[in-house]
$ cat work.cif   # mmCIF, C-alpha atoms and all ligand atoms
data_start
#
loop_
_atom_site.label_atom_id
_atom_site.label_comp_id
_atom_site.auth_asym_id
_atom_site.auth_seq_id
_atom_site.Cartn_x
_atom_site.Cartn_y
_atom_site.Cartn_z
CA MET A 1 37.77 -4.03 -2.82
CA LYS A 2 35.18 -5.30 -0.34
CA LEU A 3 36.82 -5.66 3.05
CA LEU A 4 35.57 -7.16 6.31
CA ILE A 5 37.37 -5.98 9.44
CA ILE A 6 36.75 -7.98 12.60
CA GLY A 7 37.09 -5.17 15.14
CA GLY A 8 37.94 -1.83 13.57
CA SER A 9 36.75 0.73 16.08
CA VAL A 10 39.63 1.47 18.48
CA PHE A 11 43.27 1.85 17.42
CA LEU A 12 45.03 -0.29 14.80
CA GLY A 13 41.77 -1.67 13.42
CA ARG A 14 40.46 1.88 13.29
CA ALA A 15 43.56 3.01 11.35
CA ILE A 16 43.02 0.13 8.90
CA ALA A 17 39.35 1.08 8.45
CA GLU A 18 40.22 4.76 7.88
CA GLU A 19 42.96 3.95 5.38
CA ALA A 20 40.76 1.44 3.54
CA LEU A 21 37.99 4.04 3.17
CA ARG A 22 40.55 6.61 2.01
CA ARG A 23 41.58 4.15 -0.70
CA GLY A 24 37.98 3.80 -1.85
CA HIS A 25 37.36 0.31 -0.49
CA GLU A 26 33.94 -0.83 0.76
CA VAL A 27 34.44 -1.59 4.43
CA THR A 28 32.32 -3.72 6.76
CA THR A 29 33.29 -3.75 10.43
CA PHE A 30 32.09 -6.45 12.82
CA ASN A 31 32.17 -5.69 16.54
CA ARG A 32 29.91 -5.49 19.62
CA GLY A 33 29.74 -1.68 19.65
CA VAL A 34 31.09 -1.38 23.20
CA SER A 35 34.73 -0.27 22.83
CA GLY A 36 34.43 2.67 20.49
CA ALA A 37 32.45 4.34 17.72
CA ASP A 38 32.87 2.93 14.24
CA VAL A 39 34.67 5.01 11.65
CA PRO A 40 32.09 7.06 9.73
CA GLY A 41 31.56 5.54 6.28
CA VAL A 42 31.86 1.86 7.21
CA GLU A 43 29.00 -0.59 7.20
CA ALA A 44 28.86 -1.53 10.90
CA VAL A 45 27.57 -5.03 11.70
CA ARG A 46 27.02 -5.60 15.42
CA GLY A 47 27.91 -8.98 16.88
CA ASP A 48 30.17 -10.98 19.16
CA ARG A 49 32.84 -13.09 17.49
CA GLU A 50 32.47 -15.55 20.36
CA ALA A 51 28.82 -16.22 19.44
CA ALA A 52 28.37 -18.77 16.62
CA ALA A 53 24.95 -17.32 15.72
CA ASP A 54 26.43 -13.81 15.31
CA LEU A 55 29.16 -15.14 12.99
CA ALA A 56 26.60 -17.08 10.96
CA ARG A 57 24.42 -13.96 10.63
CA LEU A 58 27.46 -11.91 9.55
CA ALA A 59 28.48 -14.41 6.87
CA ASP A 60 25.00 -15.32 5.62
CA GLY A 61 24.84 -14.66 1.87
CA ARG A 62 27.86 -12.34 1.97
CA ARG A 63 31.24 -12.36 0.23
CA TRP A 64 34.24 -10.13 0.74
CA ASP A 65 37.52 -9.89 -1.14
CA ALA A 66 39.43 -10.03 2.12
CA VAL A 67 39.01 -10.29 5.89
CA VAL A 68 41.27 -8.44 8.31
CA ASP A 69 41.06 -9.86 11.83
CA VAL A 70 42.42 -7.33 14.30
CA CYS A 71 41.05 -8.64 17.58
CA GLY A 72 41.99 -12.32 17.85
CA PHE A 73 43.51 -13.33 21.18
CA THR A 74 42.35 -16.93 21.74
CA PRO A 75 43.03 -19.65 19.15
CA SER A 76 39.76 -21.56 19.61
CA ILE A 77 37.79 -18.33 19.09
CA VAL A 78 39.80 -17.37 16.02
CA LEU A 79 39.32 -20.90 14.68
CA GLU A 80 35.53 -20.44 14.86
CA SER A 81 35.82 -17.16 12.94
CA VAL A 82 37.96 -18.63 10.16
CA ARG A 83 35.62 -21.62 9.89
CA ALA A 84 32.59 -19.34 9.62
CA LEU A 85 34.22 -17.06 7.06
CA SER A 86 36.30 -19.48 4.98
CA GLY A 87 33.72 -19.80 2.19
CA HIS A 88 33.07 -16.06 2.20
CA SER A 89 36.49 -14.60 1.43
CA PRO A 90 39.52 -15.87 -0.45
CA HIS A 91 41.99 -14.04 1.80
CA TYR A 92 42.38 -13.64 5.56
CA THR A 93 44.76 -11.30 7.38
CA PHE A 94 45.48 -11.91 11.03
CA ILE A 95 47.01 -9.17 13.17
CA SER A 96 49.31 -11.08 15.45
CA SER A 97 52.28 -9.74 17.42
CA VAL A 98 56.03 -10.09 17.64
CA SER A 99 55.19 -11.62 21.04
CA ALA A 100 54.09 -14.78 19.17
CA ILE A 101 57.78 -15.47 18.60
CA ALA A 102 59.21 -17.67 21.35
CA GLY A 103 61.67 -15.85 23.53
CA TRP A 104 61.10 -12.31 22.26
CA PRO A 105 62.47 -9.90 23.44
CA GLY A 106 65.39 -12.15 24.39
CA THR A 107 68.98 -11.53 23.47
CA ALA A 108 68.87 -12.93 19.92
CA GLY A 109 67.43 -10.91 17.02
CA VAL A 110 64.18 -12.24 15.61
CA ASP A 111 62.83 -12.46 12.07
CA GLU A 112 60.04 -14.31 10.24
CA SER A 113 61.92 -17.62 10.47
CA SER A 114 62.11 -17.50 14.28
CA PRO A 115 60.06 -20.27 15.90
CA LEU A 116 56.68 -19.41 17.37
CA TRP A 117 55.51 -20.45 20.82
CA PRO A 118 53.99 -23.92 20.82
CA CYS A 119 50.20 -23.60 20.99
CA PRO A 120 47.62 -25.59 19.03
CA PRO A 121 45.17 -23.90 16.61
CA ASP A 122 42.27 -24.83 18.87
CA GLY A 123 43.96 -23.86 22.13
CA ASP A 124 41.98 -21.97 24.73
CA ALA A 125 43.00 -19.25 27.19
CA GLY A 126 44.55 -21.84 29.52
CA PHE A 127 47.38 -22.56 27.06
CA GLY A 128 49.47 -19.57 27.99
CA ASP A 129 49.87 -15.85 27.94
CA TYR A 130 49.25 -13.30 25.21
CA GLY A 131 52.18 -14.25 22.93
CA VAL A 132 51.64 -18.00 23.24
CA LEU A 133 47.97 -17.60 22.35
CA LYS A 134 48.76 -15.32 19.40
CA ALA A 135 50.95 -18.14 18.01
CA GLY A 136 47.98 -20.54 18.26
CA CYS A 137 45.74 -17.97 16.55
CA GLU A 138 48.20 -17.72 13.64
CA ARG A 139 48.04 -21.50 13.24
CA ALA A 140 44.22 -21.43 13.27
CA VAL A 141 44.17 -18.92 10.40
CA GLU A 142 46.86 -20.74 8.41
CA GLN A 143 44.99 -24.03 8.75
CA HIS A 144 41.92 -22.69 6.91
CA PHE A 145 43.55 -20.16 4.57
CA GLU A 146 46.59 -22.09 3.47
CA GLY A 147 48.61 -19.91 1.09
CA THR A 148 46.25 -16.93 1.40
CA ALA A 149 46.73 -16.21 5.11
CA LEU A 150 48.60 -12.99 5.72
CA VAL A 151 50.02 -12.73 9.22
CA VAL A 152 51.21 -9.32 10.40
CA GLN A 153 53.37 -9.35 13.52
CA PRO A 154 53.68 -5.77 14.77
CA GLY A 155 56.23 -4.64 17.29
CA LEU A 156 55.40 -1.72 19.60
CA ILE A 157 52.65 0.38 18.00
CA LEU A 158 52.10 4.09 18.63
CA GLY A 159 49.89 6.73 17.06
CA PRO A 160 46.58 8.58 17.42
CA HIS A 161 43.83 6.64 19.24
CA GLU A 162 46.39 4.46 21.08
CA ASN A 163 44.40 2.64 23.76
CA VAL A 164 47.30 0.96 25.56
CA GLY A 165 48.32 4.27 27.10
CA ARG A 166 52.06 4.15 26.44
CA LEU A 167 52.65 7.32 24.41
CA PRO A 168 49.44 8.90 25.81
CA TRP A 169 50.82 8.42 29.33
CA TRP A 170 54.18 9.99 28.48
CA LEU A 171 52.50 12.89 26.68
CA THR A 172 50.09 13.48 29.56
CA ARG A 173 52.90 13.33 32.14
CA ILE A 174 55.21 15.59 30.14
CA ALA A 175 52.41 18.06 29.41
CA ARG A 176 52.03 18.49 33.19
CA GLY A 177 55.58 19.88 33.18
CA GLY A 178 58.20 20.06 35.91
CA ARG A 179 60.96 17.52 36.44
CA VAL A 180 60.03 14.28 34.71
CA LEU A 181 61.59 10.94 35.62
CA ALA A 182 63.06 9.59 32.38
CA PRO A 183 64.25 5.98 32.62
CA GLY A 184 67.65 4.59 31.69
CA ASP A 185 69.84 5.74 28.84
CA PRO A 186 68.60 8.57 26.58
CA ASP A 187 70.88 7.32 23.79
CA LEU A 188 69.33 3.85 23.75
CA PRO A 189 67.94 3.21 20.26
CA ILE A 190 64.23 2.37 20.23
CA GLN A 191 62.20 0.74 17.46
CA LEU A 192 58.54 1.74 17.22
CA ILE A 193 55.92 1.88 14.49
CA ASP A 194 52.91 4.07 13.78
CA ALA A 195 49.57 2.23 13.48
CA ARG A 196 48.87 4.15 10.28
CA ASP A 197 52.04 2.74 8.67
CA ILE A 198 50.99 -0.82 9.56
CA ALA A 199 47.55 -0.05 8.14
CA ALA A 200 48.95 1.14 4.81
CA PHE A 201 51.35 -1.81 4.59
CA THR A 202 48.64 -4.35 5.45
CA LEU A 203 46.26 -2.98 2.83
CA ASP A 204 49.02 -2.96 0.20
CA GLN A 205 49.64 -6.65 0.88
CA VAL A 206 45.93 -7.47 0.94
CA ALA A 207 45.48 -5.78 -2.45
CA ARG A 208 48.24 -8.01 -3.82
CA GLY A 209 46.68 -11.11 -2.28
CA ALA A 210 49.95 -11.69 -0.46
CA GLY A 211 50.31 -14.52 2.02
CA GLY A 212 52.96 -15.26 4.58
CA ARG A 213 54.26 -13.62 7.70
CA PHE A 214 55.63 -10.09 8.06
CA LEU A 215 57.23 -8.59 11.13
CA THR A 216 56.36 -4.90 11.25
CA GLY A 217 58.44 -3.39 13.99
CA GLY A 218 59.46 -0.12 12.42
CA VAL A 219 62.79 0.89 11.00
CA PRO A 220 65.82 0.64 13.28
CA GLY A 221 68.22 3.53 13.82
CA ARG A 222 65.61 6.28 13.56
CA ALA A 223 64.95 7.10 17.22
CA THR A 224 66.27 6.85 20.74
CA PHE A 225 64.36 6.87 24.02
CA GLY A 226 65.79 10.38 24.46
CA SER A 227 64.53 11.62 21.11
CA LEU A 228 61.09 10.13 21.81
CA LEU A 229 60.68 11.97 25.11
CA GLU A 230 62.22 15.18 23.70
CA GLU A 231 59.63 15.04 20.91
CA CYS A 232 56.97 14.81 23.64
CA VAL A 233 58.40 17.93 25.33
CA ALA A 234 58.41 19.76 21.98
CA ALA A 235 54.89 18.63 20.98
CA THR A 236 53.29 19.57 24.30
CA GLY A 237 55.31 22.80 24.66
CA SER A 238 55.35 22.21 28.42
CA GLY A 239 59.02 23.01 29.00
CA ALA A 240 59.28 19.85 31.13
CA GLU A 241 62.78 18.92 32.25
CA LEU A 242 63.70 15.29 31.60
CA VAL A 243 65.78 13.82 34.43
CA TRP A 244 67.49 10.63 33.23
CA VAL A 245 67.84 8.09 36.02
CA ASP A 246 70.04 4.99 35.78
CA ASP A 247 68.37 1.63 35.13
CA SER A 248 69.87 -0.01 38.22
CA PHE A 249 68.80 2.86 40.49
CA LEU A 250 65.22 2.55 39.24
CA VAL A 251 65.15 -1.23 39.60
CA GLU A 252 66.46 -0.97 43.19
CA ARG A 253 63.61 1.42 44.01
CA GLY A 254 60.95 -0.87 42.61
CA ALA A 255 60.14 1.03 39.42
CA GLU A 256 58.27 -1.42 37.24
CA GLU A 257 59.54 -1.89 33.74
CA TRP A 258 57.13 -1.84 30.83
CA THR A 259 54.07 -0.70 32.78
CA GLU A 260 54.92 2.02 35.34
CA LEU A 261 57.35 3.64 32.94
CA PRO A 262 55.87 2.63 29.59
CA LEU A 263 58.21 1.41 26.83
CA TRP A 264 61.14 1.03 29.28
CA THR A 265 62.86 -2.27 30.00
CA THR A 266 66.35 -3.05 31.27
CA ALA A 267 66.35 -6.19 29.09
CA ALA A 268 67.62 -4.08 26.21
CA THR A 269 70.47 -2.34 27.99
CA GLY A 270 73.20 -1.72 25.43
CA ARG A 271 71.01 -2.81 22.52
CA THR A 272 67.95 -1.52 20.67
CA LEU A 273 64.77 -1.33 22.68
CA TRP A 274 62.01 -3.50 21.17
CA ALA A 275 64.21 -4.50 18.22
CA THR A 276 62.84 -6.71 15.46
CA SER A 277 63.86 -7.13 11.86
CA SER A 278 61.30 -5.52 9.57
CA ALA A 279 63.57 -6.15 6.56
CA ARG A 280 61.09 -8.46 4.82
CA ALA A 281 58.27 -5.95 5.24
CA VAL A 282 60.47 -3.05 4.13
CA ALA A 283 61.46 -5.02 1.00
CA ALA A 284 57.73 -5.54 0.36
CA GLY A 285 57.03 -1.80 0.67
CA LEU A 286 56.66 -0.91 4.37
CA THR A 287 57.47 2.75 4.94
CA CYS A 288 57.57 4.41 8.33
CA ARG A 289 56.89 8.06 9.06
CA PRO A 290 59.24 10.01 11.35
CA LEU A 291 58.63 9.55 15.06
CA ALA A 292 58.15 13.31 15.45
CA GLU A 293 55.06 13.12 13.24
CA THR A 294 53.62 10.25 15.30
CA VAL A 295 54.20 12.15 18.55
CA ARG A 296 52.72 15.40 17.18
CA ASP A 297 49.64 13.72 15.72
CA THR A 298 49.08 11.68 18.88
CA TRP A 299 49.22 14.85 20.98
CA ASP A 300 46.84 16.65 18.58
CA TRP A 301 44.36 13.81 19.09
CA LEU A 302 44.99 13.35 22.83
CA LYS A 303 44.57 16.98 23.86
CA GLY A 304 40.97 16.72 22.66
CA VAL A 305 40.39 13.84 25.10
CA PRO A 306 39.68 14.97 28.69
CA GLU A 307 42.28 13.55 31.12
CA GLU A 308 39.68 11.55 33.03
CA ARG A 309 38.67 9.80 29.80
CA ARG A 310 42.20 8.94 28.69
CA SER A 311 42.98 5.25 28.72
CA PHE A 312 46.22 4.24 30.44
CA GLY A 313 46.22 0.49 30.17
CA ASN A 314 44.75 -2.45 28.38
CA ARG A 315 43.51 -5.97 29.05
CA GLN A 316 47.01 -6.93 30.29
CA ALA A 317 48.32 -4.08 32.42
CA ARG A 318 47.97 -0.49 33.58
CA SER A 319 50.41 2.13 32.32
CA GLY A 320 52.04 4.89 34.32
CA MET A 321 53.76 5.75 37.59
CA ASP A 322 52.04 7.27 40.59
CA PRO A 323 53.16 10.95 40.98
CA ASP A 324 54.22 10.45 44.63
CA LYS A 325 56.44 7.52 43.69
CA GLU A 326 57.97 9.52 40.84
CA ALA A 327 58.67 12.47 43.18
CA ARG A 328 60.23 10.17 45.79
CA ILE A 329 62.55 8.48 43.27
CA LEU A 330 63.53 11.83 41.79
CA ALA A 331 64.40 13.23 45.24
CA GLU A 332 66.53 10.16 46.04
CA TRP A 333 68.24 10.41 42.67
CA GLU A 334 69.11 14.08 43.25
CA GLU A 335 70.70 13.08 46.54
CA GLU A 336 72.61 10.26 44.83
CA VAL A 337 73.92 12.61 42.14
CA ARG A 338 74.91 15.22 44.78
CA LEU A 339 76.96 12.62 46.68
CA ARG A 340 78.72 11.22 43.61
N1 LIG B 1 49.45 -2.09 20.75
C1 LIG B 1 50.57 -2.71 20.41
O1 LIG B 1 51.68 -2.22 20.66
C2 LIG B 1 50.48 -4.03 19.69
C3 LIG B 1 51.66 -4.68 19.36
C4 LIG B 1 51.59 -5.87 18.64
C5 LIG B 1 50.36 -6.37 18.25
N2 LIG B 1 49.23 -5.72 18.60
C6 LIG B 1 47.95 -6.29 18.15
O2 LIG B 1 47.28 -5.31 17.39
C7 LIG B 1 45.88 -5.44 17.58
C8 LIG B 1 45.38 -4.11 18.08
O3 LIG B 1 44.04 -4.10 18.17
P1 LIG B 1 43.19 -2.77 18.34
O4 LIG B 1 42.54 -2.84 19.69
O5 LIG B 1 43.99 -1.61 18.00
O6 LIG B 1 42.11 -3.09 17.21
P2 LIG B 1 40.74 -2.38 16.84
O7 LIG B 1 40.13 -3.26 15.80
O8 LIG B 1 40.89 -0.96 16.54
O9 LIG B 1 39.91 -2.53 18.21
C9 LIG B 1 39.53 -3.77 18.75
C10 LIG B 1 38.18 -4.16 18.16
O10 LIG B 1 37.82 -5.47 18.51
C11 LIG B 1 36.43 -5.48 18.79
N3 LIG B 1 36.12 -6.63 19.61
C12 LIG B 1 36.68 -6.99 20.78
N4 LIG B 1 36.12 -8.13 21.23
C13 LIG B 1 35.19 -8.49 20.31
C14 LIG B 1 34.27 -9.58 20.20
N5 LIG B 1 34.20 -10.53 21.15
N6 LIG B 1 33.48 -9.66 19.11
C15 LIG B 1 33.54 -8.71 18.14
N7 LIG B 1 34.39 -7.66 18.19
C16 LIG B 1 35.19 -7.56 19.26
C17 LIG B 1 36.24 -4.16 19.51
O11 LIG B 1 34.90 -3.72 19.52
P3 LIG B 1 33.87 -4.11 20.72
O12 LIG B 1 34.67 -4.24 21.98
O13 LIG B 1 32.95 -2.96 20.70
O14 LIG B 1 33.26 -5.39 20.31
C18 LIG B 1 37.07 -3.25 18.63
O15 LIG B 1 36.35 -2.86 17.48
C19 LIG B 1 45.66 -6.58 18.55
O16 LIG B 1 45.44 -7.78 17.86
C20 LIG B 1 47.00 -6.65 19.28
O17 LIG B 1 47.28 -7.93 19.79
C21 LIG B 1 49.25 -4.57 19.30
#
$ encode --input "work.cif" --output "structure tokens"
Amino acid sequence: MKLLIIGGSVFLGRAIAEEALRRGHEVTTFNRGVSGADVPGVEAVRGDREAAADLARLADGRRWDAVVDVCGFTPSIVLESVRALSGHSPHYTFISSVSAIAGWPGTAGVDESSPLWPCPPDGDAGFGDYGVLKAGCERAVEQHFEGTALVVQPGLILGPHENVGRLPWWLTRIARGGRVLAPGDPDLPIQLIDARDIAAFTLDQVARGAGGRFLTGGVPGRATFGSLLEECVAATGSGAELVWVDDSFLVERGAEEWTELPLWTTAATGRTLWATSSARAVAAGLTCRPLAETVRDTWDWLKGVPEERRSFGNRQARSGMDPDKEARILAEWEEEVRLR
């Protein structure tokens, strides 16, 4: 299969490129060459998806069996890409997000029938935040690839090459050892997925020419926040001691959910953290590796990256808590526990 990946050099797109090559596909990647090195073995075409001339040059005289668009964040920009490529491929996959679903992660469970945020297919950045814009991007793709648009809505993604800095931050912190502030309830179930599992699933669906929307949030009931951080202790071999601190205590002391303590939110108290239904994807063949494997492989990759070059954050937010703040909260928590 001849595959065009828009993006393909950082994390999920990289995993898709690697898996596609492993399967013997011919892979073209299209990116500006600024965020990362292309996977060896791909045909790398340099260009900016926001430049009409670059898209025209990419498409000129070319045909692919499928396009996988990993880096669409603004509907009007995605619309230009689908317009430029619509005569050049019969199938278009868009990597969206569970955040495109209105209200996620609210109290109700979500699935593929849950309504998306309202956002037009030609909306620009002013229409809303990340999730709202992803919903508009989905509409842009569906408008031009009716019936052959595959929309993948991942939940929280982990794995080697993660550039958001969630698991890399926890691994780096836990590798440093000592008493580590662990947020909330260690028994809280957590639903996560490895980028490599999304890659395999996406390519399976592409090979079938499948259309439609699939939530890929991992399999529920396989991990807890406690087991995730214990796996980090085991993988790094640091002997770090996890000190579990109550949600309310952390909130009162200004610990920021989601960013300062990655993957943590009090919104899920008593439920599953980052829950989505992946039932449709599982029925279509999604399989998810054990979390321990994801943590081990991510550490194997990360320990080869010097700390000063590790990325703890993305276009939306920085990840991680300042060590002084962590030490202060831990000291106050010890006092609280002593007085109880
Ligand atoms: N991380 C999560 O937990 C999570 C959850 C749900 C959904 N998602 C979605 O999953 C996707 C993850 O993407 P990724 O970063 O891992 O993908 P990736 O394809 O590995 O990396 C992003 C690619 O986009 C390229 N790019 C960025 N701007 C470009 C432009 N203007 N023109 C051409 N290429 C451009 C980058 O290269 P250059 O910068 O060099 O051009 C890079 O190759 C995103 O769509 C995200 O919304 C992520």
$ axis_aligned_box --input "work.cif" --around "ligand LIG 1 (chain B)" --padding-each-side "5 Å" --output "lines of an AutoDock Vina configuration file"
center_x = 42.3
center_y = -5.7
center_z = 18.9
size_x = 28.7
size_y = 19.6
size_z = 16.2
$ closest_atom_pairs --input "work.cif" --of "chain A" --to "ligand LIG 1 (chain B)" --cutoff "7 Å" --atoms "all atoms listed in the file" --output "Markdown table"
| residue | atom | partner | partner_atom | distance |
| --- | --- | --- | --- | --- |
| A:Ile6 | CA | B:LIG1 | N7 | 6.1 |
| A:Gly7 | CA | B:LIG1 | C10 | 3.4 |
| A:Gly8 | CA | B:LIG1 | O7 | 3.4 |
| A:Ser9 | CA | B:LIG1 | O15 | 3.9 |
| A:Val10 | CA | B:LIG1 | O8 | 3.4 |
| A:Phe11 | CA | B:LIG1 | O5 | 3.6 |
| A:Leu12 | CA | B:LIG1 | O5 | 3.6 |
| A:Gly13 | CA | B:LIG1 | O7 | 3.3 |
| A:Arg14 | CA | B:LIG1 | O8 | 4.3 |
| A:Phe30 | CA | B:LIG1 | C15 | 6.0 |
| A:Asn31 | CA | B:LIG1 | N7 | 3.4 |
| A:Arg32 | CA | B:LIG1 | O14 | 3.4 |
| A:Gly33 | CA | B:LIG1 | O13 | 3.6 |
| A:Val34 | CA | B:LIG1 | O13 | 3.5 |
| A:Ser35 | CA | B:LIG1 | O13 | 3.9 |
| A:Gly36 | CA | B:LIG1 | O13 | 5.8 |
| A:Gly47 | CA | B:LIG1 | C15 | 5.8 |
| A:Asp48 | CA | B:LIG1 | N6 | 3.6 |
| A:Arg49 | CA | B:LIG1 | N6 | 3.8 |
| A:Glu50 | CA | B:LIG1 | N5 | 5.4 |
| A:Val70 | CA | B:LIG1 | O16 | 4.7 |
| A:Cys71 | CA | B:LIG1 | O16 | 4.5 |
| A:Gly72 | CA | B:LIG1 | O16 | 5.7 |
| A:Phe73 | CA | B:LIG1 | O17 | 6.7 |
| A:Ile95 | CA | B:LIG1 | O16 | 5.1 |
| A:Ser96 | CA | B:LIG1 | C5 | 5.6 |
| A:Ser97 | CA | B:LIG1 | C5 | 4.0 |
| A:Val98 | CA | B:LIG1 | C4 | 6.2 |
| A:Gln153 | CA | B:LIG1 | C5 | 6.3 |
| A:Pro154 | CA | B:LIG1 | C4 | 4.4 |
| A:Gly155 | CA | B:LIG1 | C4 | 5.0 |
| A:Leu156 | CA | B:LIG1 | O1 | 3.9 |
| A:Ile157 | CA | B:LIG1 | O1 | 3.8 |
| A:Leu158 | CA | B:LIG1 | O1 | 6.6 |
| A:Val164 | CA | B:LIG1 | N1 | 6.1 |
$ residues_around --input "work.cif" --residues "Ala20 in chain A" --least-positions-apart "3" --cutoff "9 Å" --atoms "all atoms listed in the file" --output "PyMOL selection string"
chain A and resi 1+3+15-17+23-27+199-200+203
$ write_last_selection --input "work.cif" --atoms "C-alpha atoms" --output "PDB file, in the frame of the given file"
ATOM      1  CA  MET A   1      37.770  -4.030  -2.820  1.00  0.00           C
ATOM      2  CA  LEU A   3      36.820  -5.660   3.050  1.00  0.00           C
ATOM      3  CA  ALA A  15      43.560   3.010  11.350  1.00  0.00           C
ATOM      4  CA  ILE A  16      43.020   0.130   8.900  1.00  0.00           C
ATOM      5  CA  ALA A  17      39.350   1.080   8.450  1.00  0.00           C
ATOM      6  CA  ARG A  23      41.580   4.150  -0.700  1.00  0.00           C
ATOM      7  CA  GLY A  24      37.980   3.800  -1.850  1.00  0.00           C
ATOM      8  CA  HIS A  25      37.360   0.310  -0.490  1.00  0.00           C
ATOM      9  CA  GLU A  26      33.940  -0.830   0.760  1.00  0.00           C
ATOM     10  CA  VAL A  27      34.440  -1.590   4.430  1.00  0.00           C
ATOM     11  CA  ALA A 199      47.550  -0.050   8.140  1.00  0.00           C
ATOM     12  CA  ALA A 200      48.950   1.140   4.810  1.00  0.00           C
ATOM     13  CA  LEU A 203      46.260  -2.980   2.830  1.00  0.00           C
TER      14      LEU A 203
END
$ closest_residue --input "work.cif" --among "A:Ile101, A:Val152, A:Cys119, A:Ala51" --to "Val68 in chain A" --atoms "all atoms listed in the file"
A:Val152
$ closest_residue --input "work.cif" --among "A:Leu330, A:Ala235, A:Leu116, A:Ala292" --to "Leu250 in chain A" --atoms "all atoms listed in the file"
A:Leu330
$ atom_distance --input "work.cif" --atom1 "CA of Val67 in chain A" --atom2 "CA of Val39 in chain A"
16.9 Å
$ residues_around --input "work.cif" --residues "Glu80 in chain A" --least-positions-apart "5" --cutoff "12 Å" --atoms "all atoms listed in the file" --output "list in words"
Asp48, Arg49, Glu50, Ala51, Ala52, Ala53, Asp54, Leu55, Ala56, Gly72, Thr74, Pro75, Leu85, Ser86, Pro121, Asp122, Gly123, Asp124, Cys137, Ala140, Val141, Gln143 and His144 of chain A
$ atom_distance --input "work.cif" --atom1 "CA of Trp170 in chain A" --atom2 "CA of Pro189 in chain A"
17.4 Å
$ atom_distance --input "work.cif" --atom1 "CA of Phe145 in chain A" --atom2 "CA of Asp111 in chain A"
22.1 Å
$ residues_near_point --input "work.cif" --point "(63.3, 1.2, 25.0)" --cutoff "7 Å" --atoms "all atoms listed in the file" --output "PyMOL selection string"
chain A and resi 188-190+225+263-265+268+272-274
$ closest_residue --input "work.cif" --among "A:Val151, A:Leu242, A:Val206, A:Val219" --to "Arg173 in chain A" --atoms "only C-alpha atoms"
A:Leu242
$ closest_residue --input "work.cif" --among "A:Ala281, A:Ala255, A:Leu339, A:Ala125" --to "Gly320 in chain A" --atoms "only C-alpha atoms"
A:Ala255
$ closest_residue --input "work.cif" --among "A:Pro120, A:Lys2, A:Ala279, A:Ala331" --to "Arg253 in chain A" --atoms "all atoms listed in the file"
A:Ala331
$ residues_around --input "work.cif" --residues "Glu307 in chain A" --least-positions-apart "3" --cutoff "12 Å" --atoms "only C-alpha atoms" --output "PDB file with C-alpha atoms, keeping the file's coordinate frame"
ATOM      1  CA  GLY A 165      48.320   4.270  27.100  1.00  0.00           C
ATOM      2  CA  PRO A 168      49.440   8.900  25.810  1.00  0.00           C
ATOM      3  CA  TRP A 169      50.820   8.420  29.330  1.00  0.00           C
ATOM      4  CA  LEU A 171      52.500  12.890  26.680  1.00  0.00           C
ATOM      5  CA  THR A 172      50.090  13.480  29.560  1.00  0.00           C
ATOM      6  CA  ARG A 173      52.900  13.330  32.140  1.00  0.00           C
ATOM      7  CA  ALA A 175      52.410  18.060  29.410  1.00  0.00           C
ATOM      8  CA  ARG A 176      52.030  18.490  33.190  1.00  0.00           C
ATOM      9  CA  LEU A 302      44.990  13.350  22.830  1.00  0.00           C
ATOM     10  CA  LYS A 303      44.570  16.980  23.860  1.00  0.00           C
ATOM     11  CA  GLY A 304      40.970  16.720  22.660  1.00  0.00           C
ATOM     12  CA  ARG A 310      42.200   8.940  28.690  1.00  0.00           C
ATOM     13  CA  SER A 311      42.980   5.250  28.720  1.00  0.00           C
ATOM     14  CA  PHE A 312      46.220   4.240  30.440  1.00  0.00           C
TER      15      PHE A 312
END
$ residues_near_point --input "work.cif" --point "(52.0, 6.5, 37.8)" --cutoff "10 Å" --atoms "all atoms listed in the file" --output "list in words"
Trp169, Arg173, Ala255, Thr259, Glu260, Leu261, Pro262, Phe312, Arg318, Ser319, Gly320, Met321, Asp322, Pro323, Asp324, Lys325 and Glu326 of chain A
$ closest_residue --input "work.cif" --among "A:Asn163, A:Thr224, A:Thr266, A:Thr216" --to "Ser278 in chain A" --atoms "all atoms listed in the file"
A:Thr216
